[in-house]
Amino acid sequence: MGEAASFVNAGTLPHPPAPSRKGRGSAWVSVLLVGALFDFLAATPAFAMHISEGILPFSWALVWYLVLVPFLALGARRLNALAREDLSLKPLVGLLTAVVFIISCMPIPVPTAGTCSHPCGTGVSAILVGPLVSVVVAAVSLLIQALFLAHGGLSTLGANTLSMGVIGSFSAWFTFRALRRMGGSLGVAGFFAGIVADWATYSATSLFLALGIRGDAPLWPLFTKVVVAFLPTQLPLGILEGVITAGMVTLLYRKRPDLLVRMRVISEKEGSVNA
Amino acid sequence: MHHHLSTHSFRASHALVKIDARVKLLSALALLVMVITSQGSAFPLVVAAAGIFFCLHLGTPVRLLALRFSEPIFIAVVVLLLKTFFSGNAPLFSFGLLGYELVAHRDGLDAGLLIAGRILGGVTLLGVVGFSTPFTELMAALSWMRVPQVLVDVALFAWRYLFLLLEDAQVVYHAQKNRLGYVGCRRALASFGTLAGVMVIKAFDNSQSITTAMVQRGYDGVMPMSMHRPLRVAEVGSALLFVGAMAVIRLI
């Protein structure tokens, strides 16, 4: 992961002007102090974007699996139906899964939560293959990450897939479709779909975490703390995800509108205008 | 990246590698349930220690192991510290830091150790399975466990072409970087959006050529899975014994 992480991080962050040693030191102190302050205020355990293995109690892990099953079953059924019409669809979904896997492996440090965060990538897949198939994409991507990268886990796969695959995909898809119907351009619709997918995923993850770890404590204050801990990175990260989604959709429209027509993202008429 | 994601065993002759993937997966799942439902921190920590021992015994390089487990270890440590210092009621010790008095609590430490142990126990268990089992065998085992075939198919495609896409992405990224594509925030964001778009275009194009090549070789929409050899009584028996022994340790 190291190489991917380095090229991705270098890609997302512009080169800042080199600060003086003193300036750099004081900046680090500020970051540490703010981080410590947030940690102190939040006073909740810190978790990565994917809920780590072993964090959720068995009962909650089981609940999220059970909630996920119907979505996953519908997604598998939809994909099977589409694959019967077009043999290239399964390989395509597999490759899109690899793309989502790569996008969701880009770690971005969260000093206030003491962990890393990253884009979801499900906004992209939901726009291209629809929200149900996107659930399958997220499930497989998270399974590979759990087995071979120790990101997330098998016991938390249900919760992680539910937040990233179901809530992230459906919120992105509805946002994209709604904005397109209201006359929004592909770029604008893609931008907001990416943002909504990211923020909805993190909200759901925070809720699942709060439900799982609260014990006898009241839910909403704890949920607020978890959200606040992720806020400093999730706000810009959501915007970044929006930019990535918009950039991707507009690039496809400019270079390969036939692909968007094939995936029914735009009509044939729209595609032929640009062709 | 390739090394970090590598699933091939570093010691192919190791006894764990020779055990059927189904047996390993089921044993790991049983142990995972034990770890997650454990009410004390000792058992998950024993599992974590055993997991790391097996990973090393499999010949996994320490650097790779450290890379793989760095994130969960970091999370476990942070959880432990936060629980110790910011939850609980029974004071254990205290010290001053930057004008604040930090008080560690015994019950907080216990709760932190339990969660940290569960995290470490869980990820090391999956680590052992991942390091000792090829991806295709794991997928075949999942297929045998009645995981929907379409999920297994998609996973196989994703795994096969993941490395190809990564290499393509790196080529595009370096080309962009060499042309100052990442100088300035706006240019960097635009370049990154383009990079994501290029990856999707490559995914589309590759899927077409892959399908054409596969159809020529008889692909009819279903991926052939590797055949399982019959389960050996010895490996099932030893797995049952091992899981049973761990269950006894958990009870103690």
# chains A, B, ... in the order shown; residues from 1 in each chain; ligands from 1

$ residues_around --residues "B:Ile73" --least-positions-apart "5" --cutoff "10 Å" --atoms "only C-alpha atoms" --output "PDB file with N, CA and C atoms, in the first residue's frame"
ATOM      1  N   ALA B  66       4.606  -5.362  10.005  1.00  0.00           N
ATOM      2  CA  ALA B  66       4.438  -4.060  10.664  1.00  0.00           C
ATOM      3  C   ALA B  66       3.558  -3.139   9.815  1.00  0.00           C
ATOM      4  N   ARG B  68       1.284  -4.068   7.581  1.00  0.00           N
ATOM      5  CA  ARG B  68      -0.084  -4.587   7.548  1.00  0.00           C
ATOM      6  C   ARG B  68      -0.838  -4.247   8.829  1.00  0.00           C
ATOM      7  N   VAL B  78      -4.444   3.965  20.685  1.00  0.00           N
ATOM      8  CA  VAL B  78      -5.210   5.190  20.975  1.00  0.00           C
ATOM      9  C   VAL B  78      -6.434   4.859  21.837  1.00  0.00           C
ATOM     10  N   VAL B  79      -7.118   3.768  21.493  1.00  0.00           N
ATOM     11  CA  VAL B  79      -8.278   3.348  22.278  1.00  0.00           C
ATOM     12  C   VAL B  79      -7.854   3.087  23.716  1.00  0.00           C
ATOM     13  N   ALA B 116      -8.731  -3.148  22.821  1.00  0.00           N
ATOM     14  CA  ALA B 116      -7.465  -3.266  22.082  1.00  0.00           C
ATOM     15  C   ALA B 116      -7.166  -4.737  21.780  1.00  0.00           C
ATOM     16  N   GLY B 117      -7.415  -5.601  22.761  1.00  0.00           N
ATOM     17  CA  GLY B 117      -7.183  -7.032  22.569  1.00  0.00           C
ATOM     18  C   GLY B 117      -8.067  -7.599  21.467  1.00  0.00           C
ATOM     19  N   ILE B 119      -9.351  -5.956  18.956  1.00  0.00           N
ATOM     20  CA  ILE B 119      -8.870  -5.456  17.649  1.00  0.00           C
ATOM     21  C   ILE B 119      -7.678  -6.278  17.192  1.00  0.00           C
ATOM     22  N   LEU B 120      -6.696  -6.419  18.085  1.00  0.00           N
ATOM     23  CA  LEU B 120      -5.458  -7.107  17.695  1.00  0.00           C
ATOM     24  C   LEU B 120      -5.708  -8.589  17.429  1.00  0.00           C
ATOM     25  N   VAL B 123      -7.548  -8.879  13.940  1.00  0.00           N
ATOM     26  CA  VAL B 123      -6.750  -8.614  12.724  1.00  0.00           C
ATOM     27  C   VAL B 123      -5.618  -9.636  12.553  1.00  0.00           C
TER      28      VAL B 123
END

$ interface_residues --of "chain B" --to "chain A" --cutoff "7 Å" --atoms "only C-alpha atoms" --output "count of residues only"
49

$ atom_distance --atom1 "atom CA of A:Ala197" --atom2 "atom CA of A:Leu260"
19.8 Å

$ residues_around --residues "B:Ala15" --least-positions-apart "3" --cutoff "12 Å" --atoms "only C-alpha atoms" --output "list in words"
Ser9, Arg11, Ala12, Lys18, Ile19, Asp20, Lys24, Phe54, His57, Leu58, Ser132, Thr133, Glu235 and Ser238 of chain B

$ write_last_selection --atoms "N, CA and C atoms" --output "PDB file, in the first residue's frame"
ATOM      1  N   SER B   9       2.223 -17.411   0.285  1.00  0.00           N
ATOM      2  CA  SER B   9       2.934 -17.765   1.500  1.00  0.00           C
ATOM      3  C   SER B   9       4.434 -17.590   1.290  1.00  0.00           C
ATOM      4  N   ARG B  11       6.519 -19.266   3.052  1.00  0.00           N
ATOM      5  CA  ARG B  11       7.087 -20.594   3.269  1.00  0.00           C
ATOM      6  C   ARG B  11       6.042 -21.603   2.795  1.00  0.00           C
ATOM      7  N   ALA B  12       6.096 -21.918   1.519  1.00  0.00           N
ATOM      8  CA  ALA B  12       5.037 -22.736   0.911  1.00  0.00           C
ATOM      9  C   ALA B  12       4.937 -24.124   1.529  1.00  0.00           C
ATOM     10  N   LYS B  18      -0.628 -25.884   3.912  1.00  0.00           N
ATOM     11  CA  LYS B  18      -1.164 -27.118   3.307  1.00  0.00           C
ATOM     12  C   LYS B  18      -2.579 -27.444   3.781  1.00  0.00           C
ATOM     13  N   ILE B  19      -2.999 -26.800   4.867  1.00  0.00           N
ATOM     14  CA  ILE B  19      -4.356 -27.073   5.369  1.00  0.00           C
ATOM     15  C   ILE B  19      -5.378 -26.481   4.401  1.00  0.00           C
ATOM     16  N   ASP B  20      -6.481 -27.196   4.215  1.00  0.00           N
ATOM     17  CA  ASP B  20      -7.532 -26.756   3.307  1.00  0.00           C
ATOM     18  C   ASP B  20      -8.049 -25.366   3.717  1.00  0.00           C
ATOM     19  N   LYS B  24      -9.336 -23.641   7.393  1.00  0.00           N
ATOM     20  CA  LYS B  24      -8.713 -22.453   7.984  1.00  0.00           C
ATOM     21  C   LYS B  24      -9.746 -21.349   8.195  1.00  0.00           C
ATOM     22  N   PHE B  54       2.329 -17.140  14.427  1.00  0.00           N
ATOM     23  CA  PHE B  54       2.100 -17.925  13.204  1.00  0.00           C
ATOM     24  C   PHE B  54       2.518 -17.139  11.961  1.00  0.00           C
ATOM     25  N   HIS B  57       6.161 -17.308  11.794  1.00  0.00           N
ATOM     26  CA  HIS B  57       6.565 -18.672  11.503  1.00  0.00           C
ATOM     27  C   HIS B  57       6.321 -19.018  10.037  1.00  0.00           C
ATOM     28  N   LEU B  58       5.334 -18.338   9.447  1.00  0.00           N
ATOM     29  CA  LEU B  58       5.064 -18.558   8.026  1.00  0.00           C
ATOM     30  C   LEU B  58       6.139 -17.933   7.143  1.00  0.00           C
ATOM     31  N   SER B 132      -1.460 -17.279   4.732  1.00  0.00           N
ATOM     32  CA  SER B 132      -1.242 -18.712   4.490  1.00  0.00           C
ATOM     33  C   SER B 132      -2.141 -19.267   3.385  1.00  0.00           C
ATOM     34  N   THR B 133      -2.978 -18.408   2.789  1.00  0.00           N
ATOM     35  CA  THR B 133      -3.927 -18.924   1.808  1.00  0.00           C
ATOM     36  C   THR B 133      -3.942 -18.053   0.552  1.00  0.00           C
ATOM     37  N   GLU B 235      -6.777 -33.177   9.164  1.00  0.00           N
ATOM     38  CA  GLU B 235      -6.761 -31.709   9.257  1.00  0.00           C
ATOM     39  C   GLU B 235      -8.025 -31.179   9.926  1.00  0.00           C
ATOM     40  N   SER B 238      -7.534 -32.005  13.666  1.00  0.00           N
ATOM     41  CA  SER B 238      -6.578 -31.123  14.352  1.00  0.00           C
ATOM     42  C   SER B 238      -7.138 -29.711  14.488  1.00  0.00           C
TER      43      SER B 238
END

$ select_by_dssp --residues "stretch 51-264 of chain A" --states "strand (DSSP E)" --output "ChimeraX atom specification"
/A:108-110,115-117

$ select_by_dssp --residues "stretch 39-234 of chain B" --states "alpha helix (DSSP H)" --output "PyMOL selection string"
chain B and resi 42-57+62-86+106-132+135-144+149-178+185-216+233-234

$ residues_around --residues "A:Gly158" --least-positions-apart "6" --cutoff "8 Å" --atoms "only C-alpha atoms" --output "PyMOL selection string"
chain A and resi 61-62+64-66+68

$ atom_distance --atom1 "atom CA of B:Gly112" --atom2 "atom CA of B:Gln39"
12.0 Å

$ closest_residue --among "B:Val103, B:Val35, B:Leu97, B:Val222" --to "B:Gln149" --atoms "only C-alpha atoms"
B:Val222

$ atom_distance --atom1 "atom CA of B:Gly59" --atom2 "atom CA of B:Gly127"
12.7 Å

$ closest_residue --among "A:Ile213, A:Val166, A:Ile239, A:Val188" --to "A:Thr201" --atoms "only C-alpha atoms"
A:Val166
